[in-house]
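For reference, model33.pdb (PDB, C-alpha atoms):
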ATOM      1  CA  MET A   1      21.992  -4.125  -5.061
ATOM      2  CA  LYS A   2      20.657  -4.735  -1.560
ATOM      3  CA  ILE A   3      18.519  -1.910  -0.202
ATOM      4  CA  GLU A   4      18.383  -1.397   3.553
ATOM      5  CA  ILE A   5      14.702  -0.600   4.002
ATOM      6  CA  ASN A   6      14.934   0.783   7.537
ATOM      7  CA  LYS A   7      17.861   2.973   6.534
ATOM      8  CA  LEU A   8      15.552   4.681   4.012
ATOM      9  CA  ILE A   9      13.695   6.088   7.004
ATOM     10  CA  GLU A  10      16.726   6.743   9.199
ATOM     11  CA  SER A  11      18.873   8.564   6.643
ATOM     12  CA  GLU A  12      17.609  11.182   4.204
ATOM     13  CA  GLU A  13      20.967  11.077   2.401
ATOM     14  CA  TYR A  14      20.779   7.296   1.900
ATOM     15  CA  CYS A  15      17.136   7.533   0.842
ATOM     16  CA  ARG A  16      17.977  10.245  -1.733
ATOM     17  CA  TRP A  17      20.842   8.091  -3.042
ATOM     18  CA  VAL A  18      18.534   5.058  -3.454
ATOM     19  CA  PHE A  19      15.819   7.196  -5.081
ATOM     20  CA  ASN A  20      18.374   8.614  -7.578
ATOM     21  CA  PHE A  21      19.765   5.115  -8.211
ATOM     22  CA  PHE A  22      16.293   3.946  -9.285
ATOM     23  CA  ILE A  23      15.891   7.011 -11.504
ATOM     24  CA  LYS A  24      19.245   6.358 -13.195
ATOM     25  CA  LYS A  25      18.274   2.704 -13.761
ATOM     26  CA  GLY A  26      14.960   3.789 -15.306
ATOM     27  CA  ILE A  27      12.939   2.007 -12.639
ATOM     28  CA  ILE A  28      11.486   5.322 -11.463
ATOM     29  CA  LYS A  29      10.473   7.524 -14.382
ATOM     30  CA  LYS A  30       9.071  11.007 -14.828
ATOM     31  CA  THR A  31       5.372  11.080 -15.644
ATOM     32  CA  ASN A  32       2.387  13.358 -15.895
ATOM     33  CA  PRO A  33       1.415  14.286 -12.313
ATOM     34  CA  SER A  34      -2.228  14.770 -13.275
ATOM     35  CA  LEU A  35      -2.574  10.991 -13.624
ATOM     36  CA  PHE A  36      -2.448  10.607  -9.823
ATOM     37  CA  ARG A  37      -6.238  10.836  -9.632
ATOM     38  CA  ARG A  38      -6.632   7.565 -11.567
ATOM     39  CA  HIS A  39      -4.615   5.734  -8.928
ATOM     40  CA  LEU A  40      -6.449   7.453  -6.092
ATOM     41  CA  ASN A  41      -9.811   6.492  -7.611
ATOM     42  CA  LYS A  42      -8.651   2.908  -8.091
ATOM     43  CA  SER A  43      -7.508   2.843  -4.468
ATOM     44  CA  LEU A  44     -10.880   4.127  -3.269
ATOM     45  CA  ASN A  45     -12.708   1.626  -5.490
ATOM     46  CA  ASN A  46     -10.602  -1.244  -4.133
ATOM     47  CA  LEU A  47     -11.283  -0.140  -0.569
ATOM     48  CA  GLU A  48     -15.020   0.056  -1.266
ATOM     49  CA  PHE A  49     -15.061  -3.343  -2.991
ATOM     50  CA  GLY A  50     -13.062  -4.957  -0.173
ATOM     51  CA  ASN A  51     -15.545  -3.526   2.326
ATOM     52  CA  PHE A  52     -18.438  -4.826   0.228
ATOM     53  CA  ILE A  53     -17.036  -8.361   0.054
ATOM     54  CA  LEU A  54     -16.288  -8.310   3.775
ATOM     55  CA  SER A  55     -19.806  -7.185   4.641
ATOM     56  CA  GLU A  56     -21.397  -9.700   2.248
ATOM     57  CA  HIS A  57     -20.081 -12.471   4.495
ATOM     58  CA  ASN A  58     -23.072 -11.610   6.699
ATOM     59  CA  PHE A  59     -25.569 -11.695   3.835
ATOM     60  CA  SER A  60     -25.386 -13.256   0.376
ATOM     61  CA  ILE A  61     -22.188 -15.221   0.945
ATOM     62  CA  LYS A  62     -23.629 -16.668   4.143
ATOM     63  CA  ARG A  63     -26.869 -17.661   2.375
ATOM     64  CA  LYS A  64     -25.610 -18.736  -1.038
ATOM     65  CA  LEU A  65     -22.204 -20.163  -0.209
ATOM     66  CA  LYS A  66     -22.687 -21.887   3.127
ATOM     67  CA  ASN A  67     -19.509 -22.632   5.062
ATOM     68  CA  LYS A  68     -17.415 -20.543   2.676
ATOM     69  CA  SER A  69     -15.398 -17.443   3.378
ATOM     70  CA  PHE A  70     -13.414 -15.129   1.192
ATOM     71  CA  TYR A  71     -11.446 -13.212   3.795
ATOM     72  CA  ASP A  72      -8.270 -14.004   1.884
ATOM     73  CA  TRP A  73      -9.604 -12.054  -1.091
ATOM     74  CA  CYS A  74     -10.505  -9.143   1.164
ATOM     75  CA  ILE A  75      -6.845  -8.966   2.171
ATOM     76  CA  VAL A  76      -5.746  -9.090  -1.481
ATOM     77  CA  ILE A  77      -8.140  -6.260  -2.326
ATOM     78  CA  TYR A  78      -6.971  -4.154   0.636
ATOM     79  CA  TYR A  79      -3.363  -4.691  -0.425
ATOM     80  CA  TYR A  80      -4.138  -3.191  -3.826
ATOM     81  CA  ALA A  81      -5.995  -0.287  -2.208
ATOM     82  CA  ILE A  82      -2.768   0.580  -0.392
ATOM     83  CA  TYR A  83      -0.630  -0.038  -3.469
ATOM     84  CA  HIS A  84      -2.684   2.363  -5.590
ATOM     85  CA  SER A  85      -2.751   5.054  -2.905
ATOM     86  CA  VAL A  86       1.050   4.880  -2.760
ATOM     87  CA  SER A  87       1.134   5.078  -6.564
ATOM     88  CA  ALA A  88      -1.157   8.133  -6.412
ATOM     89  CA  LEU A  89       1.309   9.935  -4.145
ATOM     90  CA  ILE A  90       4.240   9.064  -6.383
ATOM     91  CA  PHE A  91       2.367  10.151  -9.527
ATOM     92  CA  LYS A  92       1.339  13.414  -7.844
ATOM     93  CA  ALA A  93       5.056  14.139  -7.377
ATOM     94  CA  GLY A  94       5.613  13.551 -11.121
ATOM     95  CA  PHE A  95       7.053  10.025 -11.008
ATOM     96  CA  GLU A  96       5.956   6.463 -11.614
ATOM     97  CA  SER A  97       7.330   3.163 -10.415
ATOM     98  CA  LYS A  98       6.245  -0.422 -10.804
ATOM     99  CA  ASN A  99       8.798  -1.762  -8.320
ATOM    100  CA  HIS A 100       7.826  -1.937  -4.649
ATOM    101  CA  ILE A 101      11.238  -1.026  -3.234
ATOM    102  CA  ALA A 102      11.643   1.829  -5.702
ATOM    103  CA  SER A 103       8.145   3.043  -4.796
ATOM    104  CA  ILE A 104       9.001   2.931  -1.122
ATOM    105  CA  SER A 105      12.204   4.880  -1.662
ATOM    106  CA  ALA A 106      10.360   7.512  -3.726
ATOM    107  CA  LEU A 107       7.547   7.819  -1.219
ATOM    108  CA  THR A 108       9.886   7.965   1.758
ATOM    109  CA  TYR A 109      12.174  10.525   0.154
ATOM    110  CA  MET A 110       9.460  12.821  -1.171
ATOM    111  CA  TYR A 111       6.761  12.615   1.504
ATOM    112  CA  TYR A 112       8.663  11.718   4.665
ATOM    113  CA  HIS A 113      12.038  13.432   4.315
ATOM    114  CA  LYS A 114      11.200  16.353   2.005
ATOM    115  CA  LYS A 115       7.558  17.320   2.554
ATOM    116  CA  ASN A 116       7.148  15.870   6.056
ATOM    117  CA  VAL A 117       3.524  14.889   5.421
ATOM    118  CA  LEU A 118       3.956  11.202   6.213
ATOM    119  CA  LYS A 119       5.080  10.003   9.604
ATOM    120  CA  LYS A 120       7.595   7.293  10.330
ATOM    121  CA  GLU A 121       4.669   5.048  11.263
ATOM    122  CA  ASP A 122       3.139   5.612   7.832
ATOM    123  CA  ILE A 123       6.313   4.612   6.060
ATOM    124  CA  GLU A 124       6.692   1.551   8.260
ATOM    125  CA  PHE A 125       3.085   0.551   7.537
ATOM    126  CA  ILE A 126       3.755   0.725   3.834
ATOM    127  CA  ILE A 127       7.020  -1.167   4.183
ATOM    128  CA  GLN A 128       5.220  -3.894   6.059
ATOM    129  CA  ASN A 129       2.493  -4.127   3.480
ATOM    130  CA  LEU A 130       4.012  -2.783   0.277
ATOM    131  CA  ASN A 131       7.486  -2.218   1.525
ATOM    132  CA  ILE A 132       7.021   1.497   2.278
ATOM    133  CA  LYS A 133       6.462   2.980   5.834
ATOM    134  CA  GLU A 134       7.800   1.937   9.270
ATOM    135  CA  GLU A 135       4.705   1.459  11.433
ATOM    136  CA  GLU A 136       2.536   1.585   8.386
ATOM    137  CA  ILE A 137       5.447   0.101   6.494
ATOM    138  CA  GLU A 138       5.329  -2.850   8.864
ATOM    139  CA  PHE A 139       1.595  -3.051   8.224
ATOM    140  CA  VAL A 140       2.172  -2.907   4.473
ATOM    141  CA  ALA A 141       4.881  -5.573   4.602
ATOM    142  CA  ASP A 142       2.604  -7.809   6.650
ATOM    143  CA  LEU A 143      -0.209  -7.155   4.225
ATOM    144  CA  LYS A 144       2.034  -7.892   1.230
ATOM    145  CA  GLU A 145       3.031 -11.190   2.814
ATOM    146  CA  LEU A 146      -0.592 -11.993   3.605
ATOM    147  CA  ARG A 147      -1.660 -10.948   0.101
ATOM    148  CA  GLU A 148       0.892 -13.353  -1.373
ATOM    149  CA  LYS A 149      -0.247 -16.093   1.000
ATOM    150  CA  ALA A 150      -3.897 -15.391   0.177
ATOM    151  CA  SER A 151      -3.218 -15.341  -3.570
ATOM    152  CA  TYR A 152      -0.887 -18.298  -3.959
ATOM    153  CA  LYS A 153      -1.021 -20.607  -0.952
ATOM    154  CA  VAL A 154      -3.736 -23.102  -0.157
ATOM    155  CA  ASP A 155      -2.877 -23.746   3.475
ATOM    156  CA  GLY A 156      -3.590 -20.301   4.912
ATOM    157  CA  SER A 157      -6.461 -19.590   7.218
ATOM    158  CA  PHE A 158      -8.003 -16.156   7.040
ATOM    159  CA  ASP A 159     -10.697 -15.170   9.475
ATOM    160  CA  LEU A 160     -13.055 -12.280  10.023
ATOM    161  CA  SER A 161     -10.927 -10.585  12.692
ATOM    162  CA  LEU A 162      -7.862 -10.557  10.423
ATOM    163  CA  ALA A 163      -9.853  -9.151   7.507
ATOM    164  CA  LYS A 164     -11.480  -6.497   9.735
ATOM    165  CA  ASN A 165      -8.078  -5.512  11.137
ATOM    166  CA  PHE A 166      -6.748  -4.898   7.632
ATOM    167  CA  GLN A 167      -9.989  -3.178   6.646
ATOM    168  CA  GLU A 168      -9.561  -0.591   9.401
ATOM    169  CA  LYS A 169      -5.863   0.012   8.806
ATOM    170  CA  THR A 170      -6.313   0.177   5.047
ATOM    171  CA  ALA A 171      -9.213   2.637   5.342
ATOM    172  CA  ASP A 172      -7.175   4.847   7.668
ATOM    173  CA  PHE A 173      -4.187   4.773   5.332
ATOM    174  CA  VAL A 174      -6.124   5.359   2.101
ATOM    175  CA  ASN A 175      -8.049   8.235   3.674
ATOM    176  CA  LYS A 176      -4.818   9.789   4.925
ATOM    177  CA  ILE A 177      -3.348   9.629   1.424
ATOM    178  CA  LYS A 178      -6.565  11.049  -0.050
ATOM    179  CA  ASN A 179      -6.362  14.004   2.362
ATOM    180  CA  ILE A 180      -2.692  14.608   1.495
ATOM    181  CA  LEU A 181      -3.496  14.603  -2.220
ATOM    182  CA  GLU A 182      -6.458  16.930  -1.860
ATOM    183  CA  GLU A 183      -4.524  19.608   0.089
TER     184      GLU A 183
END
Represent the structure of the file as structure tokens.
Amino acid sequence: MKIEINKLIESEEYCRWVFNFFIKKGIIKKTNPSLFRRHLNKSLNNLEFGNFILSEHNFSIKRKLKNKSFYDWCIVIYYYAIYHSVSALIFKAGFESKNHIASISALTYMYYHKKNVLKKEDIEFIIQNLNIKEEEIEFVADLKELREKASYKVDGSFDLSLAKNFQEKTADFVNKIKNILEE
């Protein structure tokens, strides 16, 4: 079944239908909502570790590994920070999903259409980087693509400005999710 990602944002009815489809297929399952904190903590740990690796480019990496950079791994780490913050939101609502599209449909339905705590830009950011939010969904999709490139390709070039850009956007997103979960 082909899912129209942008239609998840545009149409609450379509989004609900997709969300229910994934529930019926067993891709989205009920779970203990109290487990959300584990995902939030993992997200915060990933963000902190990504920031550490990024900053170490000015210190130990520069001294010990001359002419080396690990900006690609910073992007991979930031991707997982976003992924686990999305998982935290889904768990908090009493569901779990290990499929990106299903996660995006759940997040969009519950937190954009129903609770109105995420903005269209948030969903786009996630979609871009995890396949979740429009502006942030675009960011998430871009980040997912970059994470795959950083993880599996050998011809990619990743520089400080790219890593810092994702650092800022990831920190903003993770902190927004943390605030939503702590309300």
**Request:** Identify which of the residues A:Tyr83, A:Phe70, A:Tyr112, A:Phe21 lies closest to A:Asn51, counting all atoms listed in the file when measuring atom-to-atom distances.
**Result:**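 Nearest to A:Asn51: A:Phe70.
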**Message:** Starting from the PyMOL selection byres ((chain A and resi 84) around 9), expand the selection into actual residues of this file and give them as a PyMOL selection string.
**Reply:** chain A and resi 38-44+46+79-83+85-89+174
Could you save the residues just selected, with C-alpha atoms, as a compact mmCIF listing (two decimals), in the frame of the given file?
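Listed below is the output, result-v7.txt:
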# COMPACT_ATOMS: atom_id res chain seq x y z
CA ARG A 38 -6.63 7.56 -11.57
CA HIS A 39 -4.62 5.73 -8.93
CA LEU A 40 -6.45 7.45 -6.09
CA ASN A 41 -9.81 6.49 -7.61
CA LYS A 42 -8.65 2.91 -8.09
CA SER A 43 -7.51 2.84 -4.47
CA LEU A 44 -10.88 4.13 -3.27
CA ASN A 46 -10.60 -1.24 -4.13
CA TYR A 79 -3.36 -4.69 -0.42
CA TYR A 80 -4.14 -3.19 -3.83
CA ALA A 81 -6.00 -0.29 -2.21
CA ILE A 82 -2.77 0.58 -0.39
CA TYR A 83 -0.63 -0.04 -3.47
CA SER A 85 -2.75 5.05 -2.90
CA VAL A 86 1.05 4.88 -2.76
CA SER A 87 1.13 5.08 -6.56
CA ALA A 88 -1.16 8.13 -6.41
CA LEU A 89 1.31 9.94 -4.14
CA VAL A 174 -6.12 5.36 2.10
**Message:** For a quick check of understanding, using all atoms listed in the file, which of A:Lys169, A:Arg147, A:Lys178, A:Lys2 has the smallest distance to A:Ile75?
**Reply:** A:Arg147
Return the padded bounding box of stretch 69-74 of chain A as JSON: axis-aligned, built from all atoms listed in the file, 4 Å added on each side, with centre and edge lengths in Å to one decimal.
{"center_x": -11.8, "center_y": -13.3, "center_z": 1.4, "size_x": 15.1, "size_y": 16.3, "size_z": 12.9}
Using the chain letters and numbers from the file, give me the residues hit by the PyMOL selection byres ((chain A and resi 32) around 9), as an mmCIF file with C-alpha atoms, in the frame of the given file.
data_model
loop_
_atom_site.group_PDB
_atom_site.id
_atom_site.type_symbol
_atom_site.label_atom_id
_atom_site.label_comp_id
_atom_site.auth_asym_id
_atom_site.auth_seq_id
_atom_site.Cartn_x
_atom_site.Cartn_y
_atom_site.Cartn_z
ATOM 1 C CA LYS A 30 9.071 11.007 -14.828
ATOM 2 C CA THR A 31 5.372 11.080 -15.644
ATOM 3 C CA PRO A 33 1.415 14.286 -12.313
ATOM 4 C CA SER A 34 -2.228 14.770 -13.275
ATOM 5 C CA LEU A 35 -2.574 10.991 -13.624
ATOM 6 C CA PHE A 36 -2.448 10.607 -9.823
ATOM 7 C CA PHE A 91 2.367 10.151 -9.527
ATOM 8 C CA LYS A 92 1.339 13.414 -7.844
ATOM 9 C CA ALA A 93 5.056 14.139 -7.377
ATOM 10 C CA GLY A 94 5.613 13.551 -11.121
ATOM 11 C CA PHE A 95 7.053 10.025 -11.008
ATOM 12 C CA GLU A 96 5.956 6.463 -11.614
#
**Request:** Identify, on the basis of only C-alpha atoms, every residue whose closest approach to A:Lys66 does not exceed 10 Å; exclude the query and any residue fewer than 5 positions from it along the same chain; express the result as a list in words.
**Result:**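 Contacts, with the query itself left out: His57, Ser60 and Ile61 of chain A.
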**Request:** In Å, rounded to a single decimal, give me how far atom CA of A:Ile127 is from atom CA of A:Asp172.
**Result:**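 Atom CA of A:Ile127 lies 15.8 Å from atom CA of A:Asp172.
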**Message:** Under the rule that only C-alpha atoms are counted, which of A:Leu54, A:Ile5, A:Leu47, A:Leu160 is the nearest residue to A:His100?
**Reply:**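 Ranked by minimum distance to A:His100, first place goes to A:Ile5.
Taking all atoms listed in the file into account, A:Tyr71 lies nearest to A:Ile53 out of the set A:Asn58, A:Ile101, A:Ile53, A:Ile177.
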**Option closest in space to A:Lys68, from A:Tyr14, A:Glu183, A:Glu56, A:Phe22 [counting only C-alpha atoms]** =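 Using only C-alpha atoms, the shortest distance to A:Lys68 belongs to A:Glu56.
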**Request:** Up to 8 Å from (7.8, 1.2, -3.2) in the file's coordinates: name the residues, counting only C-alpha atoms, as a PyMOL selection string.
**Result:** chain A and resi 86+97-107+127+130-132
**Request:** Find the residue from A:Lys29, A:Val76, A:Lys7, A:Leu65 that sits nearest to A:Gln167; use all atoms listed in the file when measuring.
**Result:**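 Ranked by minimum distance to A:Gln167, first place goes to A:Val76.
One distance worth recording is that between atom CA of A:Asn129 and atom CA of A:Phe173, which is 11.3 Å.
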**Request:** Quick one: pull the distance between atom CA of A:Arg16 and atom CA of A:Tyr111, Å, one decimal.
**Result:** 11.9 Å
**Request:** With the file shown as input, list the residues that the PyMOL selection byres ((chain A and resi 117) around 12) selects, as a ChimeraX atom specification.
**Result:** /A:89,107-116,118-123,176-177,179-181,183
